[in-house]
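**Student:** Take a look at query_4.csv, CSV, C-alpha atoms:
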```csv
chain,number,residue,atom,x,y,z
A,40,MET,CA,129.7,80.7,44.5
A,41,GLU,CA,132.5,78.7,42.8
A,42,PRO,CA,133.1,76.6,39.7
A,43,SER,CA,132.2,73.0,39.8
A,44,GLU,CA,134.8,70.3,40.2
A,45,THR,CA,134.6,66.6,39.4
A,46,PRO,CA,134.8,64.6,42.6
A,47,GLU,CA,135.8,61.0,43.1
A,48,PRO,CA,133.0,58.5,42.4
A,49,SER,CA,131.0,57.3,45.4
A,50,GLU,CA,129.2,54.2,46.5
A,51,THR,CA,125.9,53.3,44.8
A,52,PRO,CA,122.9,54.8,46.6
A,53,THR,CA,120.3,52.5,48.3
A,54,VAL,CA,117.6,50.8,46.4
A,55,THR,CA,115.1,52.8,44.3
A,56,PRO,CA,111.4,51.6,44.7
A,57,THR,CA,109.3,50.4,41.8
A,58,SER,CA,106.7,52.7,40.2
A,59,THR,CA,103.9,50.7,41.8
A,60,GLU,CA,104.6,52.3,45.2
A,61,PRO,CA,102.4,55.3,46.1
A,62,PRO,CA,104.0,58.7,46.3
A,63,PHE,CA,104.9,60.1,49.7
A,64,ASP,CA,102.5,62.8,51.1
A,65,PRO,CA,104.3,64.9,53.7
A,66,SER,CA,101.1,66.6,54.7
A,67,ALA,CA,99.6,63.3,55.6
A,68,ALA,CA,102.7,62.2,57.5
A,69,TYR,CA,103.5,65.5,59.3
A,70,GLY,CA,100.4,67.7,59.2
A,71,ALA,CA,100.2,71.3,58.2
A,72,PRO,CA,103.5,72.7,56.9
A,73,THR,CA,105.7,75.1,59.0
A,74,LEU,CA,106.3,77.2,55.9
A,75,PHE,CA,104.5,77.5,52.5
A,76,ASP,CA,105.9,80.0,50.0
A,77,SER,CA,103.7,80.5,46.9
A,78,MET,CA,106.4,82.8,45.4
A,79,ASP,CA,103.9,85.7,45.2
A,80,THR,CA,106.3,88.0,47.1
A,81,ASP,CA,110.0,88.1,47.8
A,82,ARG,CA,109.7,88.0,51.6
A,83,ASN,CA,111.7,84.8,52.0
A,84,TRP,CA,114.4,85.6,49.4
A,85,ALA,CA,115.3,89.3,49.4
A,86,SER,CA,118.1,90.8,51.4
A,87,SER,CA,118.1,94.3,52.7
A,88,SER,CA,119.1,95.4,49.2
A,89,GLY,CA,116.5,93.3,47.5
A,90,LEU,CA,116.7,90.2,45.3
A,91,PRO,CA,120.2,89.4,44.0
A,92,ASP,CA,121.4,90.3,40.5
A,93,ASP,CA,125.2,90.1,40.3
A,94,ASP,CA,127.8,88.4,38.1
A,95,ASN,CA,126.8,84.9,39.3
A,96,ILE,CA,123.1,84.8,40.1
A,97,ARG,CA,119.8,86.6,39.5
A,98,LEU,CA,116.5,86.1,41.3
A,99,ALA,CA,113.3,87.8,39.9
A,100,LEU,CA,109.6,87.5,40.6
A,101,GLY,CA,107.0,87.2,37.9
A,102,GLY,CA,103.8,85.4,37.2
A,103,GLY,CA,103.6,83.9,40.7
A,104,LYS,CA,107.0,82.2,40.2
A,105,LEU,CA,110.6,82.9,41.4
A,106,HIS,CA,112.9,82.9,38.4
A,107,VAL,CA,116.4,81.7,39.3
A,108,THR,CA,119.3,82.4,36.8
A,109,GLY,CA,122.8,81.0,37.1
A,110,LYS,CA,125.0,83.2,34.9
A,111,GLN,CA,128.4,81.6,34.8
A,112,ALA,CA,129.0,78.5,32.7
A,113,ASN,CA,129.5,75.3,34.8
A,114,TRP,CA,129.5,77.2,38.1
A,115,ASP,CA,127.8,76.0,41.3
A,116,THR,CA,125.8,79.0,42.5
A,117,TRP,CA,123.4,79.4,45.4
A,118,TRP,CA,121.3,81.9,47.4
A,119,PHE,CA,120.5,81.2,51.0
A,120,THR,CA,117.4,82.1,52.9
A,121,ALA,CA,116.4,81.5,56.5
A,122,LYS,CA,117.7,79.0,59.0
A,123,ALA,CA,115.7,75.8,58.9
A,124,PRO,CA,115.1,73.3,61.8
A,125,SER,CA,117.7,70.7,62.4
A,126,ASP,CA,115.3,68.0,61.2
A,127,PHE,CA,112.9,68.8,58.4
A,128,PHE,CA,111.2,67.7,55.2
A,129,ILE,CA,111.3,70.2,52.4
A,130,GLN,CA,109.9,70.1,48.9
A,131,MET,CA,110.1,72.5,46.0
A,132,LYS,CA,107.9,72.6,42.8
A,133,VAL,CA,110.1,73.6,39.8
A,134,ASN,CA,109.8,74.2,36.1
A,135,SER,CA,113.0,73.2,34.4
A,136,GLY,CA,112.9,76.0,31.9
A,137,ASP,CA,114.8,76.1,28.6
A,138,CYS,CA,117.5,73.6,29.7
A,139,SER,CA,119.7,70.9,28.3
A,140,GLY,CA,122.2,68.3,29.5
A,141,LYS,CA,123.5,68.7,33.0
A,142,GLN,CA,122.1,72.2,33.6
A,143,ALA,CA,120.9,71.6,37.1
A,144,TYR,CA,118.5,73.1,39.7
A,145,GLY,CA,117.9,72.2,43.4
A,146,LEU,CA,118.5,73.0,47.0
A,147,ILE,CA,121.5,73.7,49.3
A,148,LEU,CA,120.7,72.6,52.9
A,149,ARG,CA,122.3,72.9,56.4
A,150,GLY,CA,124.5,75.8,55.2
A,151,PRO,CA,126.2,78.4,57.3
A,152,VAL,CA,124.1,79.8,60.1
A,153,SER,CA,124.9,83.4,59.2
A,154,ASN,CA,126.1,85.6,56.3
A,155,GLY,CA,129.9,85.9,56.1
A,156,ALA,CA,130.5,82.4,57.6
A,157,ASP,CA,132.4,79.8,55.6
A,158,VAL,CA,130.0,78.3,53.0
A,159,HIS,CA,129.2,74.6,53.4
A,160,GLY,CA,126.1,72.3,53.1
A,161,TYR,CA,124.4,69.5,51.2
A,162,ILE,CA,123.5,70.1,47.6
A,163,PHE,CA,120.6,68.1,46.1
A,164,THR,CA,120.0,68.7,42.4
A,165,PHE,CA,118.0,67.4,39.4
A,166,SER,CA,119.6,67.8,35.9
A,167,CYS,CA,117.7,68.6,32.7
A,168,ASP,CA,118.5,65.1,31.4
A,169,GLY,CA,116.6,63.4,34.2
A,170,LYS,CA,119.2,62.6,36.8
A,171,TYR,CA,119.8,63.5,40.4
A,172,ARG,CA,122.8,64.0,42.6
A,173,LEU,CA,123.8,64.6,46.2
A,174,ASP,CA,127.0,66.4,47.2
A,175,ARG,CA,128.5,67.8,50.4
A,176,LEU,CA,130.1,71.1,50.0
A,177,ASP,CA,132.9,71.5,52.6
A,178,ASP,CA,134.8,74.6,51.6
A,179,THR,CA,135.0,77.3,48.9
A,180,ALA,CA,138.7,78.2,49.2
A,181,PRO,CA,139.8,75.9,47.8
A,182,TYR,CA,136.5,74.6,46.4
A,183,THR,CA,136.0,71.2,48.1
A,184,LYS,CA,133.0,69.0,47.4
A,185,VAL,CA,132.4,65.4,48.3
A,186,GLU,CA,130.1,63.4,46.0
A,187,LEU,CA,127.8,61.4,48.2
A,188,ILE,CA,125.6,60.2,45.3
A,189,GLY,CA,126.8,60.7,41.8
A,190,TRP,CA,124.6,61.5,38.8
A,191,THR,CA,121.9,58.8,38.9
A,192,GLU,CA,119.0,58.4,36.4
A,193,SER,CA,115.5,58.1,37.9
A,194,GLU,CA,112.3,57.1,36.1
A,195,PHE,CA,110.5,59.5,38.5
A,196,ILE,CA,112.2,62.7,37.2
A,197,ASN,CA,110.5,64.4,34.2
A,198,ALA,CA,113.5,64.9,31.9
A,199,GLY,CA,113.8,67.7,29.4
A,200,ALA,CA,113.0,71.4,28.9
A,201,ASN,CA,110.0,73.1,30.5
A,202,GLU,CA,109.1,70.1,32.6
A,203,THR,CA,107.6,70.3,36.1
A,204,ASN,CA,109.2,68.4,39.0
A,205,LEU,CA,108.8,68.2,42.7
A,206,ILE,CA,112.1,67.9,44.4
A,207,GLY,CA,111.9,66.7,48.0
A,208,ILE,CA,114.4,65.9,50.8
A,209,GLY,CA,114.0,64.8,54.4
A,210,MET,CA,116.9,65.3,56.9
A,211,THR,CA,116.7,63.7,60.3
A,212,GLY,CA,120.0,63.6,62.1
A,213,ALA,CA,122.5,62.0,59.8
A,214,ASP,CA,119.8,60.4,57.7
A,215,ILE,CA,119.1,62.0,54.3
A,216,SER,CA,116.2,60.8,52.2
A,217,LEU,CA,115.7,61.9,48.6
A,218,TYR,CA,112.4,62.2,46.7
A,219,ALA,CA,111.4,62.9,43.1
A,220,ASN,CA,107.7,63.9,42.5
A,221,GLY,CA,106.8,62.2,45.8
A,222,TYR,CA,108.6,59.0,45.1
A,223,PHE,CA,111.5,57.9,47.3
A,224,ILE,CA,114.7,57.6,45.2
A,225,ALA,CA,117.7,57.2,47.5
A,226,ASP,CA,118.9,57.4,51.1
A,227,LYS,CA,122.3,58.4,52.5
A,228,ASP,CA,123.8,58.8,56.0
A,229,ASP,CA,126.2,61.7,56.6
A,230,ASP,CA,126.6,63.6,59.9
A,231,GLU,CA,129.1,66.3,58.9
A,232,TYR,CA,126.5,69.1,59.1
A,233,LEU,CA,123.4,68.8,61.3
A,234,VAL,CA,122.0,72.4,61.3
A,235,GLY,CA,122.0,75.5,59.2
A,236,ARG,CA,120.2,77.6,56.6
A,237,PHE,CA,118.7,76.4,53.3
A,238,GLY,CA,118.6,78.0,49.9
A,239,LEU,CA,118.3,77.7,46.1
A,240,PHE,CA,121.0,76.1,43.9
A,241,VAL,CA,121.7,76.4,40.2
A,242,ASN,CA,124.5,75.1,37.9
A,243,ALA,CA,124.1,76.8,34.5
A,244,GLY,CA,126.1,74.2,32.7
A,245,ASP,CA,127.4,75.2,29.2
A,246,PRO,CA,127.0,77.9,27.9
A,247,GLY,CA,125.6,79.5,31.1
A,248,ASN,CA,122.7,81.9,31.7
A,249,TYR,CA,120.3,79.1,32.6
A,250,THR,CA,117.0,80.0,34.3
A,251,PHE,CA,114.6,77.7,36.2
A,252,GLU,CA,111.3,78.7,37.9
A,253,VAL,CA,110.2,77.9,41.4
A,254,ASP,CA,106.5,77.7,41.7
A,255,GLU,CA,106.2,76.9,45.4
A,256,LEU,CA,108.3,75.7,48.3
A,257,THR,CA,107.1,74.0,51.5
A,258,TYR,CA,108.8,72.6,54.6
A,259,TRP,CA,107.9,70.8,57.8
A,260,ASN,CA,109.7,71.2,61.1
A,261,LEU,CA,110.5,67.7,62.4
A,262,ASP,CA,112.5,68.8,65.5
```
Written as structure tokens, how would this file's structure read?

**Tutor:**
Amino acid sequence: MEPSETPEPSETPTVTPTSTEPPFDPSAAYGAPTLFDSMDTDRNWASSSGLPDDDNIRLALGGGKLHVTGKQANWDTWWFTAKAPSDFFIQMKVNSGDCSGKQAYGLILRGPVSNGADVHGYIFTFSCDGKYRLDRLDDTAPYTKVELIGWTESEFINAGANETNLIGIGMTGADISLYANGYFIADKDDDEYLVGRFGLFVNAGDPGNYTFEVDELTYWNLD
């Protein structure tokens, strides 16, 4: 859990489809999901000491949602859960909460295989102002992050406070495919990390103490 840094700009992501294309349905493509979490319990998110509430992040259940709060202004903060398959499709239904600007929510994927290991992984986020971003986190001491796709606006992301969005990502080998509300928005190849755990990500922006709500999370094992 470290402060954000501004990486060098990256190449432009691949083409975004027009709004006439139908949304992608992973259940139709892959069948029944491997995991569906309705956020009614903390079984997939609590450690042996329960849900986290420290100087950087707080997770709390309520109303059938998981409330995720990033506390420190402009810090990248995450909370890992279980190891995912090497290849998978994952999607998360989120309410953006009382947000503004570049306050951001999303997923960290292919992270360390166990607690205590050096933190790394791919970070896919939506911002309150309707943009998406893909980074590769390589180290936390010093904090080293590679911008694979910089902040990019998408017509498929519902911008603003208290908006609902479905954030989706498919990872097959080095191929990374990004989705917003079922619509394909970008594709990127990167083979630095091919296996690991996934988790929730938040950047509280300025002034900090930003909360988003996870309504449900689903993934499909594609191994």

**Student:** Pick the closest to Asn248 (chain A) from A:Asp177, A:Asp137, A:Asp64, A:Asp79: which is it, counting only C-alpha atoms?

**Tutor:**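 Ranked by minimum distance to Asn248 (chain A), first place goes to A:Asp137.
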
**Student:** Out of A:Thr73, A:Ser153, A:Ser135, A:Thr179, which residue has the shortest atom-to-atom distance to Thr250 (chain A) when counting all atoms listed in the file?

**Tutor:** A:Ser135

**Student:** My list of candidates is A:Ala243, A:Leu90, A:Leu233, A:Ala143. Which is closest to Asp214 (chain A) when distances are computed with all atoms listed in the file?

**Tutor:**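 Of A:Ala243, A:Leu90, A:Leu233, A:Ala143, the one nearest Asp214 (chain A) is A:Leu233, counting all atoms listed in the file.
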
**Student:** What separation in Å, quoted to one decimal, exists between CA of Asn134 (chain A) and CA of Ser193 (chain A)?

**Tutor:** 17.2 Å

**Student:** From the options A:Asp254, A:Glu192, A:Asp226, A:Asp115, which residue's atoms come nearest to Ile162 (chain A), counting only C-alpha atoms?

**Tutor:**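 Going through A:Asp254, A:Glu192, A:Asp226, A:Asp115 one by one, the smallest distance to Ile162 (chain A) is for A:Asp115.
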
**Student:** Neighbours of region 117-121 of chain A within 9 Å (only C-alpha atoms; same-chain residues fewer than 4 positions away dropped), as a list in words?

**Tutor:**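 Listing them by chain and then by number gives Met40, Asn83, Trp84, Ala85, Ser86, Pro91, Asn95, Ile96, Leu98, Gly109, Leu146, Ile147, Leu148, Gly150, Pro151, Val152, Asn154, Gly235, Arg236, Phe237, Gly238, Leu239, Phe240, Val241 and Asn242 of chain A.
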
**Student:** For a test of reading the model, state the distance in Å between CA of Leu261 (chain A) and CA of Ser166 (chain A), rounded to one decimal.

**Tutor:** 28.0 Å

**Student:** Restricting the calculation to only C-alpha atoms: of A:Gly70, A:Asp168, A:Asp94, A:His159, which residue gets closest to Ala180 (chain A)?

**Tutor:**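 Comparing A:Gly70, A:Asp168, A:Asp94, A:His159 against Ala180 (chain A), the winner is A:His159.
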
**Student:** What does the distance from CA of Tyr222 (chain A) to CA of Asp81 (chain A) come to in Å, to one decimal?

**Tutor:**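 Taking CA of Tyr222 (chain A) and CA of Asp81 (chain A), their separation equals 29.3 Å.
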
**Student:** Between A:Lys122, A:His106, A:Arg97, A:Lys141, which residue has the minimum interatomic distance to Asp245 (chain A), considering all atoms listed in the file?

**Tutor:** A:Lys141

**Student:** Determine, counting all atoms listed in the file, which protein, DNA and RNA residues have an atom within 12 Å of an atom of Thr80 (chain A); residues of the same chain fewer than 2 positions away are not included. Present the result as a ChimeraX atom specification.

**Tutor:** /A:75-78,82-85,89-90,98-105,254-255

**Student:** Residues within 12 Å of Ile208 (chain A), please, as a count of residues only. Count only C-alpha atoms; anything in the same chain fewer than 2 positions from it doesn't count.

**Tutor:** 43

**Student:** Gly244 (chain A): which residues within 6 Å, counting only C-alpha atoms, same-chain residues fewer than 2 positions away excluded, as a compact mmCIF listing (two decimals) with C-alpha atoms, keeping the file's coordinate frame?

**Tutor:**
```txt
# COMPACT_ATOMS: atom_id res chain seq x y z
CA ALA A 112 129.00 78.50 32.70
CA ASN A 113 129.50 75.30 34.80
CA GLN A 142 122.10 72.20 33.60
CA ASN A 242 124.50 75.10 37.90
CA GLY A 247 125.60 79.50 31.10
```

**Student:** Name the residues within 10 Å of (127.0, 66.6, 61.7), counting only C-alpha atoms in the file's coordinates, and put them as an mmCIF file with C-alpha atoms, keeping the file's coordinate frame.

**Tutor:**
```
data_model
loop_
_atom_site.group_PDB
_atom_site.id
_atom_site.type_symbol
_atom_site.label_atom_id
_atom_site.label_comp_id
_atom_site.auth_asym_id
_atom_site.auth_seq_id
_atom_site.Cartn_x
_atom_site.Cartn_y
_atom_site.Cartn_z
ATOM 1 C CA ARG A 149 122.300 72.900 56.400
ATOM 2 C CA GLY A 212 120.000 63.600 62.100
ATOM 3 C CA ALA A 213 122.500 62.000 59.800
ATOM 4 C CA ASP A 229 126.200 61.700 56.600
ATOM 5 C CA ASP A 230 126.600 63.600 59.900
ATOM 6 C CA GLU A 231 129.100 66.300 58.900
ATOM 7 C CA TYR A 232 126.500 69.100 59.100
ATOM 8 C CA LEU A 233 123.400 68.800 61.300
ATOM 9 C CA VAL A 234 122.000 72.400 61.300
#
```
